[in-house]
$ cat query_29.cif   # mmCIF, C-alpha atoms
data_data
#
loop_
_atom_site.group_PDB
_atom_site.id
_atom_site.type_symbol
_atom_site.label_atom_id
_atom_site.label_comp_id
_atom_site.auth_asym_id
_atom_site.auth_seq_id
_atom_site.Cartn_x
_atom_site.Cartn_y
_atom_site.Cartn_z
ATOM 1 C CA MET A 13 99.784 88.771 25.924
ATOM 2 C CA GLY A 14 96.445 90.599 25.982
ATOM 3 C CA ILE A 15 97.664 93.470 28.151
ATOM 4 C CA LYS A 16 97.314 96.954 26.719
ATOM 5 C CA PRO A 17 100.191 99.443 26.964
ATOM 6 C CA LYS A 18 99.779 102.061 29.645
ATOM 7 C CA LYS A 19 98.606 105.486 28.539
ATOM 8 C CA ALA A 20 100.859 108.478 29.080
ATOM 9 C CA ALA A 21 100.322 110.131 32.446
ATOM 10 C CA TYR A 22 98.484 113.465 32.565
ATOM 11 C CA LYS A 23 101.039 116.266 32.958
ATOM 12 C CA GLY A 24 98.795 118.989 34.291
ATOM 13 C CA HIS A 25 98.612 120.413 37.797
ATOM 14 C CA TYR A 26 97.009 117.406 39.462
ATOM 15 C CA PRO A 27 99.313 115.267 41.609
ATOM 16 C CA LYS A 28 100.262 112.002 39.972
ATOM 17 C CA ALA A 29 98.646 108.976 41.628
ATOM 18 C CA LYS A 30 101.051 106.487 43.124
ATOM 19 C CA SER A 31 101.631 103.403 41.015
ATOM 20 C CA LEU A 32 100.351 100.110 42.366
ATOM 21 C CA LEU A 33 103.956 99.042 42.940
ATOM 22 C CA ALA A 34 104.613 102.177 45.019
ATOM 23 C CA GLN A 35 101.356 101.645 46.937
ATOM 24 C CA THR A 36 102.240 98.008 47.594
ATOM 25 C CA ARG A 37 105.759 98.755 48.791
ATOM 26 C CA GLY A 38 104.431 101.597 50.918
ATOM 27 C CA LEU A 39 101.880 99.367 52.636
ATOM 28 C CA LEU A 40 104.440 96.636 53.246
ATOM 29 C CA ARG A 41 106.800 99.183 54.840
ATOM 30 C CA ARG A 42 104.054 100.870 56.815
ATOM 31 C CA PHE A 43 102.893 97.669 58.431
ATOM 32 C CA ASN A 44 106.304 95.979 58.550
ATOM 33 C CA LEU A 45 105.167 93.139 56.321
ATOM 34 C CA GLN A 46 106.814 90.705 53.953
ATOM 35 C CA ALA A 47 105.018 88.588 51.355
ATOM 36 C CA ARG A 48 104.528 85.092 52.755
ATOM 37 C CA LYS A 49 105.505 82.621 50.063
ATOM 38 C CA GLY A 50 103.938 79.817 52.063
ATOM 39 C CA LEU A 51 100.545 81.490 51.545
ATOM 40 C CA GLY A 52 101.244 82.237 47.883
ATOM 41 C CA GLN A 53 101.247 86.003 48.410
ATOM 42 C CA HIS A 54 102.087 87.809 45.164
ATOM 43 C CA PHE A 55 100.495 91.246 44.987
ATOM 44 C CA LEU A 56 99.115 92.560 41.690
ATOM 45 C CA ILE A 57 100.861 95.797 40.626
ATOM 46 C CA ASP A 58 99.589 96.328 37.074
ATOM 47 C CA GLU A 59 96.733 98.795 36.512
ATOM 48 C CA GLU A 60 95.698 97.347 33.155
ATOM 49 C CA VAL A 61 95.412 93.827 34.560
ATOM 50 C CA LEU A 62 93.286 95.216 37.382
ATOM 51 C CA LYS A 63 90.961 96.737 34.783
ATOM 52 C CA LEU A 64 90.795 93.467 32.844
ATOM 53 C CA ILE A 65 89.692 91.611 35.971
ATOM 54 C CA THR A 66 86.944 94.053 36.931
ATOM 55 C CA SER A 67 85.773 94.368 33.327
ATOM 56 C CA ALA A 68 85.500 90.584 32.967
ATOM 57 C CA ALA A 69 83.389 90.450 36.137
ATOM 58 C CA GLU A 70 80.839 92.868 34.569
ATOM 59 C CA LEU A 71 80.224 94.515 37.919
ATOM 60 C CA THR A 72 77.143 96.552 38.769
ATOM 61 C CA SER A 73 75.969 98.369 41.890
ATOM 62 C CA THR A 74 73.588 95.485 42.638
ATOM 63 C CA ASP A 75 76.306 92.798 42.732
ATOM 64 C CA VAL A 76 77.435 90.865 45.783
ATOM 65 C CA ILE A 77 81.076 89.853 45.355
ATOM 66 C CA MET A 78 83.182 87.342 47.255
ATOM 67 C CA GLU A 79 86.926 87.887 47.091
ATOM 68 C CA ILE A 80 89.355 85.237 48.315
ATOM 69 C CA GLY A 81 92.849 86.191 49.424
ATOM 70 C CA PRO A 82 92.568 90.012 49.156
ATOM 71 C CA GLY A 83 96.150 90.542 50.295
ATOM 72 C CA LEU A 84 96.702 94.293 50.641
ATOM 73 C CA GLY A 85 93.259 95.155 49.265
ATOM 74 C CA ILE A 86 94.259 96.655 45.904
ATOM 75 C CA LEU A 87 91.636 94.638 44.004
ATOM 76 C CA THR A 88 89.186 94.944 46.900
ATOM 77 C CA LYS A 89 89.035 98.722 46.509
ATOM 78 C CA GLU A 90 88.128 98.450 42.820
ATOM 79 C CA LEU A 91 85.469 95.844 43.559
ATOM 80 C CA ALA A 92 83.994 98.083 46.257
ATOM 81 C CA LYS A 93 83.898 101.080 43.906
ATOM 82 C CA GLN A 94 82.087 99.162 41.172
ATOM 83 C CA GLY A 95 80.059 96.542 43.037
ATOM 84 C CA GLY A 96 77.272 96.642 45.595
ATOM 85 C CA TRP A 97 78.804 94.684 48.471
ATOM 86 C CA VAL A 98 82.167 92.939 48.857
ATOM 87 C CA VAL A 99 82.760 90.074 51.254
ATOM 88 C CA THR A 100 86.490 89.445 51.329
ATOM 89 C CA ILE A 101 87.929 86.338 52.998
ATOM 90 C CA GLU A 102 91.546 86.486 54.184
ATOM 91 C CA LEU A 103 93.343 83.600 55.921
ATOM 92 C CA ASP A 104 96.290 85.678 57.182
ATOM 93 C CA SER A 105 95.097 87.251 60.468
ATOM 94 C CA LYS A 106 97.644 90.075 60.319
ATOM 95 C CA LEU A 107 96.550 91.051 56.819
ATOM 96 C CA ALA A 108 92.904 90.839 57.855
ATOM 97 C CA ASP A 109 93.544 93.313 60.688
ATOM 98 C CA ILE A 110 95.390 95.656 58.324
ATOM 99 C CA LEU A 111 92.557 95.491 55.775
ATOM 100 C CA LYS A 112 90.111 96.589 58.452
ATOM 101 C CA GLN A 113 92.201 99.757 58.774
ATOM 102 C CA THR A 114 92.968 100.452 55.116
ATOM 103 C CA LEU A 115 89.439 99.700 53.912
ATOM 104 C CA ALA A 116 87.646 101.466 56.763
ATOM 105 C CA SER A 117 86.402 104.202 54.424
ATOM 106 C CA PHE A 118 84.426 101.657 52.371
ATOM 107 C CA SER A 119 81.038 101.031 53.974
ATOM 108 C CA ASN A 120 80.272 98.174 51.570
ATOM 109 C CA VAL A 121 83.187 95.879 52.466
ATOM 110 C CA THR A 122 83.247 93.100 55.064
ATOM 111 C CA ILE A 123 86.546 91.419 55.979
ATOM 112 C CA ILE A 124 86.309 87.817 57.161
ATOM 113 C CA ASN A 125 89.410 86.247 58.753
ATOM 114 C CA GLU A 126 88.796 82.599 57.945
ATOM 115 C CA ASP A 127 89.835 79.745 55.687
ATOM 116 C CA ILE A 128 87.546 79.928 52.655
ATOM 117 C CA LEU A 129 87.517 76.136 52.411
ATOM 118 C CA GLN A 130 85.781 76.068 55.805
ATOM 119 C CA VAL A 131 83.188 78.683 54.820
ATOM 120 C CA ASP A 132 79.839 77.760 53.295
ATOM 121 C CA PRO A 133 78.820 80.497 50.803
ATOM 122 C CA ALA A 134 75.104 80.191 51.587
ATOM 123 C CA THR A 135 75.677 80.476 55.339
ATOM 124 C CA LEU A 136 78.027 83.424 54.871
ATOM 125 C CA LEU A 137 75.518 85.331 52.738
ATOM 126 C CA ARG A 138 72.720 84.655 55.218
ATOM 127 C CA GLU A 139 74.882 86.251 57.907
ATOM 128 C CA GLN A 140 75.887 89.198 55.723
ATOM 129 C CA LYS A 141 72.613 90.122 54.029
ATOM 130 C CA VAL A 142 71.317 92.114 57.019
ATOM 131 C CA GLY A 143 73.882 94.786 56.175
ATOM 132 C CA PHE A 144 73.176 94.925 52.452
ATOM 133 C CA PRO A 145 71.764 98.186 51.056
ATOM 134 C CA PRO A 146 68.270 98.101 49.479
ATOM 135 C CA VAL A 147 69.765 98.211 45.966
ATOM 136 C CA ILE A 148 70.837 94.570 46.394
ATOM 137 C CA ILE A 149 67.605 92.804 45.574
ATOM 138 C CA SER A 150 69.145 89.321 45.135
ATOM 139 C CA PRO A 151 71.288 88.773 48.256
ATOM 140 C CA PHE A 152 71.933 85.113 47.449
ATOM 141 C CA SER A 153 73.204 85.779 43.939
ATOM 142 C CA TYR A 154 76.933 86.480 43.968
ATOM 143 C CA LYS A 155 80.138 86.599 41.939
ATOM 144 C CA VAL A 156 83.592 85.362 42.899
ATOM 145 C CA VAL A 157 86.492 87.627 41.906
ATOM 146 C CA ALA A 158 89.974 86.864 43.189
ATOM 147 C CA ASN A 159 93.704 86.760 42.663
ATOM 148 C CA LEU A 160 93.983 83.198 43.979
ATOM 149 C CA PRO A 161 97.098 81.902 45.719
ATOM 150 C CA TYR A 162 98.396 79.156 43.421
ATOM 151 C CA TYR A 163 98.510 76.470 46.089
ATOM 152 C CA ILE A 164 94.742 76.568 46.748
ATOM 153 C CA THR A 165 93.469 77.148 43.195
ATOM 154 C CA SER A 166 91.947 73.711 42.626
ATOM 155 C CA PRO A 167 90.435 73.357 46.131
ATOM 156 C CA VAL A 168 88.862 76.834 45.906
ATOM 157 C CA LEU A 169 87.399 76.183 42.457
ATOM 158 C CA ARG A 170 85.986 72.867 43.644
ATOM 159 C CA HIS A 171 84.632 74.499 46.820
ATOM 160 C CA PHE A 172 82.531 76.995 44.870
ATOM 161 C CA LEU A 173 81.603 74.778 41.913
ATOM 162 C CA GLU A 174 80.276 72.092 44.248
ATOM 163 C CA ALA A 175 78.684 74.479 46.769
ATOM 164 C CA SER A 176 74.958 74.241 47.461
ATOM 165 C CA LEU A 177 74.789 77.927 46.502
ATOM 166 C CA LYS A 178 77.015 78.475 43.484
ATOM 167 C CA PRO A 179 78.200 81.836 42.142
ATOM 168 C CA GLN A 180 76.922 83.314 38.878
ATOM 169 C CA ILE A 181 80.443 83.691 37.575
ATOM 170 C CA MET A 182 84.005 83.316 38.774
ATOM 171 C CA VAL A 183 86.800 85.592 37.575
ATOM 172 C CA VAL A 184 90.049 84.383 39.066
ATOM 173 C CA MET A 185 93.766 84.823 38.526
ATOM 174 C CA VAL A 186 95.413 81.422 38.309
ATOM 175 C CA GLN A 187 98.651 79.897 37.093
ATOM 176 C CA LYS A 188 98.845 79.947 33.287
ATOM 177 C CA GLU A 189 99.240 76.174 32.941
ATOM 178 C CA VAL A 190 96.264 75.558 35.235
ATOM 179 C CA ALA A 191 94.062 77.898 33.189
ATOM 180 C CA GLU A 192 95.075 76.135 29.979
ATOM 181 C CA ALA A 193 94.324 72.745 31.524
ATOM 182 C CA ILE A 194 90.875 73.938 32.621
ATOM 183 C CA VAL A 195 89.832 75.230 29.166
ATOM 184 C CA ALA A 196 91.300 72.208 27.335
ATOM 185 C CA LYS A 197 89.405 70.566 24.482
ATOM 186 C CA PRO A 198 89.052 66.816 23.824
ATOM 187 C CA GLY A 199 92.490 65.429 23.101
ATOM 188 C CA GLN A 200 93.967 67.270 26.069
ATOM 189 C CA MET A 201 91.212 66.833 28.641
ATOM 190 C CA SER A 202 92.045 66.017 32.260
ATOM 191 C CA MET A 203 90.210 65.366 35.500
ATOM 192 C CA LEU A 204 90.501 69.097 36.193
ATOM 193 C CA SER A 205 88.960 70.216 32.884
ATOM 194 C CA ILE A 206 86.085 67.741 33.197
ATOM 195 C CA SER A 207 85.481 68.824 36.801
ATOM 196 C CA VAL A 208 85.199 72.500 35.843
ATOM 197 C CA GLN A 209 83.420 72.144 32.498
ATOM 198 C CA PHE A 210 80.736 70.004 34.128
ATOM 199 C CA TYR A 211 79.655 73.095 36.078
ATOM 200 C CA GLY A 212 80.460 76.005 33.779
ATOM 201 C CA GLN A 213 82.029 77.396 30.617
ATOM 202 C CA PRO A 214 85.630 78.500 31.258
ATOM 203 C CA THR A 215 87.414 81.136 29.163
ATOM 204 C CA ILE A 216 90.889 82.634 29.383
ATOM 205 C CA ILE A 217 90.451 86.419 29.374
ATOM 206 C CA SER A 218 94.145 87.300 29.230
ATOM 207 C CA TYR A 219 97.593 85.998 30.044
ATOM 208 C CA VAL A 220 99.446 87.916 32.743
ATOM 209 C CA PRO A 221 103.271 87.942 32.914
ATOM 210 C CA ALA A 222 105.012 87.333 36.238
ATOM 211 C CA ARG A 223 106.342 90.911 36.201
ATOM 212 C CA CYS A 224 102.799 92.153 36.926
ATOM 213 C CA PHE A 225 103.162 90.966 40.542
ATOM 214 C CA TYR A 226 105.296 91.912 43.522
ATOM 215 C CA PRO A 227 107.187 89.881 44.384
ATOM 216 C CA ALA A 228 107.193 88.251 40.938
ATOM 217 C CA PRO A 229 106.267 84.552 40.978
ATOM 218 C CA GLU A 230 108.297 82.027 39.014
ATOM 219 C CA VAL A 231 105.513 81.418 36.491
ATOM 220 C CA ASP A 232 103.084 83.469 34.404
ATOM 221 C CA SER A 233 99.399 83.686 35.227
ATOM 222 C CA ALA A 234 96.077 83.979 33.432
ATOM 223 C CA ILE A 235 92.718 85.597 34.150
ATOM 224 C CA LEU A 236 90.159 82.809 33.996
ATOM 225 C CA LYS A 237 86.424 83.424 33.752
ATOM 226 C CA ILE A 238 83.906 80.674 34.457
ATOM 227 C CA ASN A 239 80.252 81.255 33.564
ATOM 228 C CA LEU A 240 78.353 78.758 35.665
ATOM 229 C CA TYR A 241 75.467 76.751 34.230
ATOM 230 C CA SER A 242 72.114 76.711 35.989
ATOM 231 C CA GLN A 243 72.122 72.971 35.259
ATOM 232 C CA PRO A 244 74.982 70.728 34.049
ATOM 233 C CA PRO A 245 75.055 70.453 30.238
ATOM 234 C CA VAL A 246 74.845 66.642 30.419
ATOM 235 C CA GLU A 247 72.276 64.282 31.900
ATOM 236 C CA VAL A 248 73.876 63.091 35.116
ATOM 237 C CA THR A 249 71.728 62.572 38.200
ATOM 238 C CA ASP A 250 74.433 61.294 40.553
ATOM 239 C CA LYS A 251 77.516 63.500 40.462
ATOM 240 C CA GLU A 252 79.449 61.380 42.953
ATOM 241 C CA SER A 253 79.279 58.195 40.884
ATOM 242 C CA PHE A 254 79.864 60.168 37.663
ATOM 243 C CA PHE A 255 83.118 61.630 38.910
ATOM 244 C CA LYS A 256 84.133 58.281 40.369
ATOM 245 C CA LEU A 257 83.833 56.853 36.864
ATOM 246 C CA VAL A 258 85.807 59.736 35.351
ATOM 247 C CA ARG A 259 88.558 59.384 37.958
ATOM 248 C CA ALA A 260 88.767 55.702 37.149
ATOM 249 C CA GLY A 261 89.118 56.547 33.461
ATOM 250 C CA PHE A 262 92.069 58.797 34.268
ATOM 251 C CA THR A 263 93.728 56.219 36.536
ATOM 252 C CA ALA A 264 96.309 55.708 33.813
ATOM 253 C CA SER A 265 95.475 58.440 31.307
ATOM 254 C CA ARG A 266 98.083 57.361 28.768
ATOM 255 C CA LYS A 267 96.601 53.893 28.607
ATOM 256 C CA GLN A 268 93.631 52.898 26.496
ATOM 257 C CA ILE A 269 90.335 53.730 28.179
ATOM 258 C CA GLY A 270 89.391 50.059 28.464
ATOM 259 C CA ASN A 271 92.517 49.295 30.465
ATOM 260 C CA SER A 272 92.191 52.416 32.644
ATOM 261 C CA LEU A 273 88.591 51.668 33.592
ATOM 262 C CA ALA A 274 89.339 48.028 34.371
ATOM 263 C CA GLN A 275 92.212 49.112 36.613
ATOM 264 C CA GLY A 276 90.414 52.048 38.229
ATOM 265 C CA LEU A 277 87.120 50.252 38.895
ATOM 266 C CA GLU A 278 88.705 46.859 39.571
ATOM 267 C CA LEU A 279 86.460 45.207 37.009
ATOM 268 C CA PRO A 280 87.264 42.502 34.466
ATOM 269 C CA LYS A 281 88.595 44.098 31.304
ATOM 270 C CA ALA A 282 86.127 42.173 29.142
ATOM 271 C CA GLU A 283 83.241 43.698 31.101
ATOM 272 C CA CYS A 284 84.607 47.229 30.632
ATOM 273 C CA LEU A 285 85.080 46.628 26.907
ATOM 274 C CA SER A 286 81.482 45.491 26.616
ATOM 275 C CA LEU A 287 80.184 48.581 28.416
ATOM 276 C CA LEU A 288 82.343 50.886 26.274
ATOM 277 C CA GLY A 289 80.847 49.233 23.204
ATOM 278 C CA LYS A 290 77.330 49.900 24.483
ATOM 279 C CA ALA A 291 78.295 53.573 24.909
ATOM 280 C CA SER A 292 79.679 53.631 21.333
ATOM 281 C CA ILE A 293 83.176 54.493 22.597
ATOM 282 C CA VAL A 294 86.135 52.782 20.946
ATOM 283 C CA PRO A 295 88.067 51.072 23.783
ATOM 284 C CA GLN A 296 91.431 51.935 22.226
ATOM 285 C CA ARG A 297 90.856 55.642 22.852
ATOM 286 C CA ARG A 298 92.468 57.420 25.781
ATOM 287 C CA ALA A 299 90.645 59.242 28.566
ATOM 288 C CA GLU A 300 91.919 62.670 27.495
ATOM 289 C CA THR A 301 90.132 62.337 24.124
ATOM 290 C CA LEU A 302 86.619 61.814 25.542
ATOM 291 C CA THR A 303 84.137 64.697 25.529
ATOM 292 C CA LEU A 304 81.995 65.578 28.527
ATOM 293 C CA GLY A 305 79.013 64.169 26.619
ATOM 294 C CA GLU A 306 80.798 60.860 26.047
ATOM 295 C CA TRP A 307 81.634 60.551 29.740
ATOM 296 C CA ALA A 308 77.964 61.155 30.540
ATOM 297 C CA ARG A 309 76.879 58.524 28.029
ATOM 298 C CA LEU A 310 79.367 56.042 29.483
ATOM 299 C CA TRP A 311 78.128 56.793 32.997
ATOM 300 C CA GLN A 312 74.536 56.168 31.870
ATOM 301 C CA VAL A 313 75.540 52.747 30.501
ATOM 302 C CA PHE A 314 77.410 51.832 33.693
ATOM 303 C CA THR A 315 74.433 53.006 35.775
ATOM 304 C CA ARG A 316 71.943 50.894 33.812
ATOM 305 C CA VAL A 317 73.880 47.730 34.570
ATOM 306 C CA GLY A 318 74.521 48.696 38.186
ATOM 307 C CA LYS A 319 78.259 49.291 37.824
ATOM 308 C CA SER A 320 78.559 53.066 38.332
ATOM 309 C CA ALA A 321 79.136 52.792 42.073
ATOM 310 C CA CYS A 322 81.621 49.923 41.916
#

$ encode --input "query_29.cif" --output "structure tokens"
Amino acid sequence: MGIKPKKAAYKGHYPKAKSLLAQTRGLLRRFNLQARKGLGQHFLIDEEVLKLITSAAELTSTDVIMEIGPGLGILTKELAKQGGWVVTIELDSKLADILKQTLASFSNVTIINEDILQVDPATLLREQKVGFPPVIISPFSYKVVANLPYYITSPVLRHFLEASLKPQIMVVMVQKEVAEAIVAKPGQMSMLSISVQFYGQPTIISYVPARCFYPAPEVDSAILKINLYSQPPVEVTDKESFFKLVRAGFTASRKQIGNSLAQGLELPKAECLSLLGKASIVPQRRAETLTLGEWARLWQVFTRVGKSAC
């Protein structure tokens, strides 16, 4: 599954460090907490997975990191040790207050008690940069590293990918099936994979079994890394109309693309067939088989004849 076996513990005179599971249970008892399933709270308790996440993020002392949903702060501590500055955004007000206590010894961590979907990254960094140490020479360059609650995975990805100030990379823990959908190749493409691959190159770093969390979720997870492009890899000047076209193509993804577009854009089928022909796309194909480049070419054809915003 991509997770290395744990090394044998040192048996010398040094006290053995508490396992992440013991730390997690201890914190929950100490603060009289229970994981809130409604907020997707599943706390990471595997050391090797923690290392895989931080390694994938390629952290340096000059990095600004945004973490979403820090929970009990297990990952936050590692980010703070390896990165330059950590801005962690926690929706649960009780957890946010607890984090301010448990992370008080870290001078390079800021805890924000807000809904990340209501936070503009550029505005947040403008507010935070006054506290950055001199080593951070690029205060508006940042990385996103997070163990994302499943229920907000897609909105959070979209929030950062479409932000005016995008991250360099995103390293996020997501549901296994979602990660596989995001990295899909033509033949299994979806609206989700197109939406992510338009902005960056996604890669699955490792699969993570449910037993690596407390409490264990019902499904396995995956560490997903997205390297964002400085510019989209296709020639699209109007993202809104491009994605409107793609959504129309996936209106009925199991149907032929000609039928899906006619239905989704409310255009005569004959007109859609003609435009597909001009884009050199066989109308009998299905939306999931089209490459990002083919969608861009189709959008260019629709735009030329004034149909992209229909």

$ resolve_selection --input "query_29.cif" --expression "the PyMOL selection byres ((chain A and resi 279-292) around 6)" --output "ChimeraX atom specification"
/A:270,274,277-278,293,310

$ resolve_selection --input "query_29.cif" --expression "the PyMOL selection byres ((chain A and resi 86) around 9)" --output "list in words"
Leu32, Gln35, Thr36, Phe55, Leu56, Ile57, Leu62, Pro82, Gly83, Leu84, Gly85, Leu87, Thr88, Lys89 and Glu90 of chain A

$ atom_distance --input "query_29.cif" --atom1 "CA of Ser117 in chain A" --atom2 "CA of Ser73 in chain A"
17.3 Å

$ atom_distance --input "query_29.cif" --atom1 "CA of Ile216 in chain A" --atom2 "CA of Asn120 in chain A"
29.1 Å

$ residues_around --input "query_29.cif" --residues "range 162-166 of chain A" --least-positions-apart "2" --cutoff "7 Å" --atoms "only C-alpha atoms" --output "ChimeraX atom specification"
/A:52,160,168-170,186-187

$ residues_near_point --input "query_29.cif" --point "(92.4, 52.1, 36.9)" --cutoff "8 Å" --atoms "all atoms listed in the file" --output "PyMOL selection string"
chain A and resi 260-264+271-278

$ resolve_selection --input "query_29.cif" --expression "the PyMOL selection byres ((chain A and resi 215) around 6)" --output "number ranges by chain"
A: 214, 216, 236-237

$ atom_distance --input "query_29.cif" --atom1 "CA of Ile238 in chain A" --atom2 "CA of Val208 in chain A"
8.4 Å

$ closest_residue --input "query_29.cif" --among "A:Leu107, A:Leu129, A:Val142, A:Leu177" --to "Leu240 in chain A" --atoms "only C-alpha atoms"
A:Leu177

$ residues_around --input "query_29.cif" --residues "Met182 in chain A" --least-positions-apart "4" --cutoff "10 Å" --atoms "all atoms listed in the file" --output "PDB file with C-alpha atoms, in the coordinates of the input"
ATOM      1  CA  ALA A  68      85.500  90.584  32.967  1.00  0.00           C
ATOM      2  CA  ALA A  69      83.389  90.450  36.137  1.00  0.00           C
ATOM      3  CA  ILE A  77      81.076  89.853  45.355  1.00  0.00           C
ATOM      4  CA  MET A  78      83.182  87.342  47.255  1.00  0.00           C
ATOM      5  CA  GLU A  79      86.926  87.887  47.091  1.00  0.00           C
ATOM      6  CA  TYR A 154      76.933  86.480  43.968  1.00  0.00           C
ATOM      7  CA  LYS A 155      80.138  86.599  41.939  1.00  0.00           C
ATOM      8  CA  VAL A 156      83.592  85.362  42.899  1.00  0.00           C
ATOM      9  CA  VAL A 157      86.492  87.627  41.906  1.00  0.00           C
ATOM     10  CA  ALA A 158      89.974  86.864  43.189  1.00  0.00           C
ATOM     11  CA  LEU A 169      87.399  76.183  42.457  1.00  0.00           C
ATOM     12  CA  PHE A 172      82.531  76.995  44.870  1.00  0.00           C
ATOM     13  CA  LEU A 173      81.603  74.778  41.913  1.00  0.00           C
ATOM     14  CA  LYS A 178      77.015  78.475  43.484  1.00  0.00           C
ATOM     15  CA  GLY A 212      80.460  76.005  33.779  1.00  0.00           C
ATOM     16  CA  PRO A 214      85.630  78.500  31.258  1.00  0.00           C
ATOM     17  CA  LEU A 236      90.159  82.809  33.996  1.00  0.00           C
ATOM     18  CA  LYS A 237      86.424  83.424  33.752  1.00  0.00           C
ATOM     19  CA  ILE A 238      83.906  80.674  34.457  1.00  0.00           C
ATOM     20  CA  ASN A 239      80.252  81.255  33.564  1.00  0.00           C
ATOM     21  CA  LEU A 240      78.353  78.758  35.665  1.00  0.00           C
TER      22      LEU A 240
END

$ axis_aligned_box --input "query_29.cif" --around "range 286-302 of chain A" --padding-each-side "6 Å" --output "JSON"
{"center_x": 84.9, "center_y": 54.1, "center_z": 24.8, "size_x": 27.1, "size_y": 29.2, "size_z": 19.6}

$ build_atoms --input "query_29.cif" --residues "range 283-296 of chain A" --atoms "N, CA and C atoms" --output "PDB file, keeping the file's coordinate frame"
ATOM      1  N   GLU A 283      84.481  43.024  30.714  1.00  0.00           N
ATOM      2  CA  GLU A 283      83.241  43.698  31.101  1.00  0.00           C
ATOM      3  C   GLU A 283      83.298  45.180  30.731  1.00  0.00           C
ATOM      4  N   CYS A 284      84.447  45.820  30.979  1.00  0.00           N
ATOM      5  CA  CYS A 284      84.607  47.229  30.632  1.00  0.00           C
ATOM      6  C   CYS A 284      84.536  47.433  29.124  1.00  0.00           C
ATOM      7  N   LEU A 285      85.122  46.524  28.367  1.00  0.00           N
ATOM      8  CA  LEU A 285      85.080  46.628  26.907  1.00  0.00           C
ATOM      9  C   LEU A 285      83.654  46.525  26.396  1.00  0.00           C
ATOM     10  N   SER A 286      82.885  45.648  27.014  1.00  0.00           N
ATOM     11  CA  SER A 286      81.482  45.491  26.616  1.00  0.00           C
ATOM     12  C   SER A 286      80.684  46.768  26.893  1.00  0.00           C
ATOM     13  N   LEU A 287      80.911  47.367  28.051  1.00  0.00           N
ATOM     14  CA  LEU A 287      80.184  48.581  28.416  1.00  0.00           C
ATOM     15  C   LEU A 287      80.603  49.760  27.536  1.00  0.00           C
ATOM     16  N   LEU A 288      81.883  49.839  27.192  1.00  0.00           N
ATOM     17  CA  LEU A 288      82.343  50.886  26.274  1.00  0.00           C
ATOM     18  C   LEU A 288      81.666  50.733  24.915  1.00  0.00           C
ATOM     19  N   GLY A 289      81.522  49.494  24.475  1.00  0.00           N
ATOM     20  CA  GLY A 289      80.847  49.233  23.204  1.00  0.00           C
ATOM     21  C   GLY A 289      79.401  49.703  23.233  1.00  0.00           C
ATOM     22  N   LYS A 290      78.719  49.471  24.352  1.00  0.00           N
ATOM     23  CA  LYS A 290      77.330  49.900  24.483  1.00  0.00           C
ATOM     24  C   LYS A 290      77.213  51.428  24.481  1.00  0.00           C
ATOM     25  N   ALA A 291      78.284  52.101  24.908  1.00  0.00           N
ATOM     26  CA  ALA A 291      78.295  53.573  24.909  1.00  0.00           C
ATOM     27  C   ALA A 291      78.848  54.125  23.601  1.00  0.00           C
ATOM     28  N   SER A 292      79.127  53.233  22.641  1.00  0.00           N
ATOM     29  CA  SER A 292      79.679  53.631  21.333  1.00  0.00           C
ATOM     30  C   SER A 292      81.013  54.372  21.465  1.00  0.00           C
ATOM     31  N   ILE A 293      81.843  53.909  22.395  1.00  0.00           N
ATOM     32  CA  ILE A 293      83.176  54.493  22.597  1.00  0.00           C
ATOM     33  C   ILE A 293      84.220  53.425  22.276  1.00  0.00           C
ATOM     34  N   VAL A 294      85.083  53.722  21.346  1.00  0.00           N
ATOM     35  CA  VAL A 294      86.135  52.782  20.946  1.00  0.00           C
ATOM     36  C   VAL A 294      87.084  52.567  22.121  1.00  0.00           C
ATOM     37  N   PRO A 295      87.281  51.329  22.572  1.00  0.00           N
ATOM     38  CA  PRO A 295      88.067  51.072  23.783  1.00  0.00           C
ATOM     39  C   PRO A 295      89.556  51.393  23.652  1.00  0.00           C
ATOM     40  N   GLN A 296      90.018  51.588  22.418  1.00  0.00           N
ATOM     41  CA  GLN A 296      91.431  51.935  22.226  1.00  0.00           C
ATOM     42  C   GLN A 296      91.706  53.427  22.456  1.00  0.00           C
TER      43      GLN A 296
END
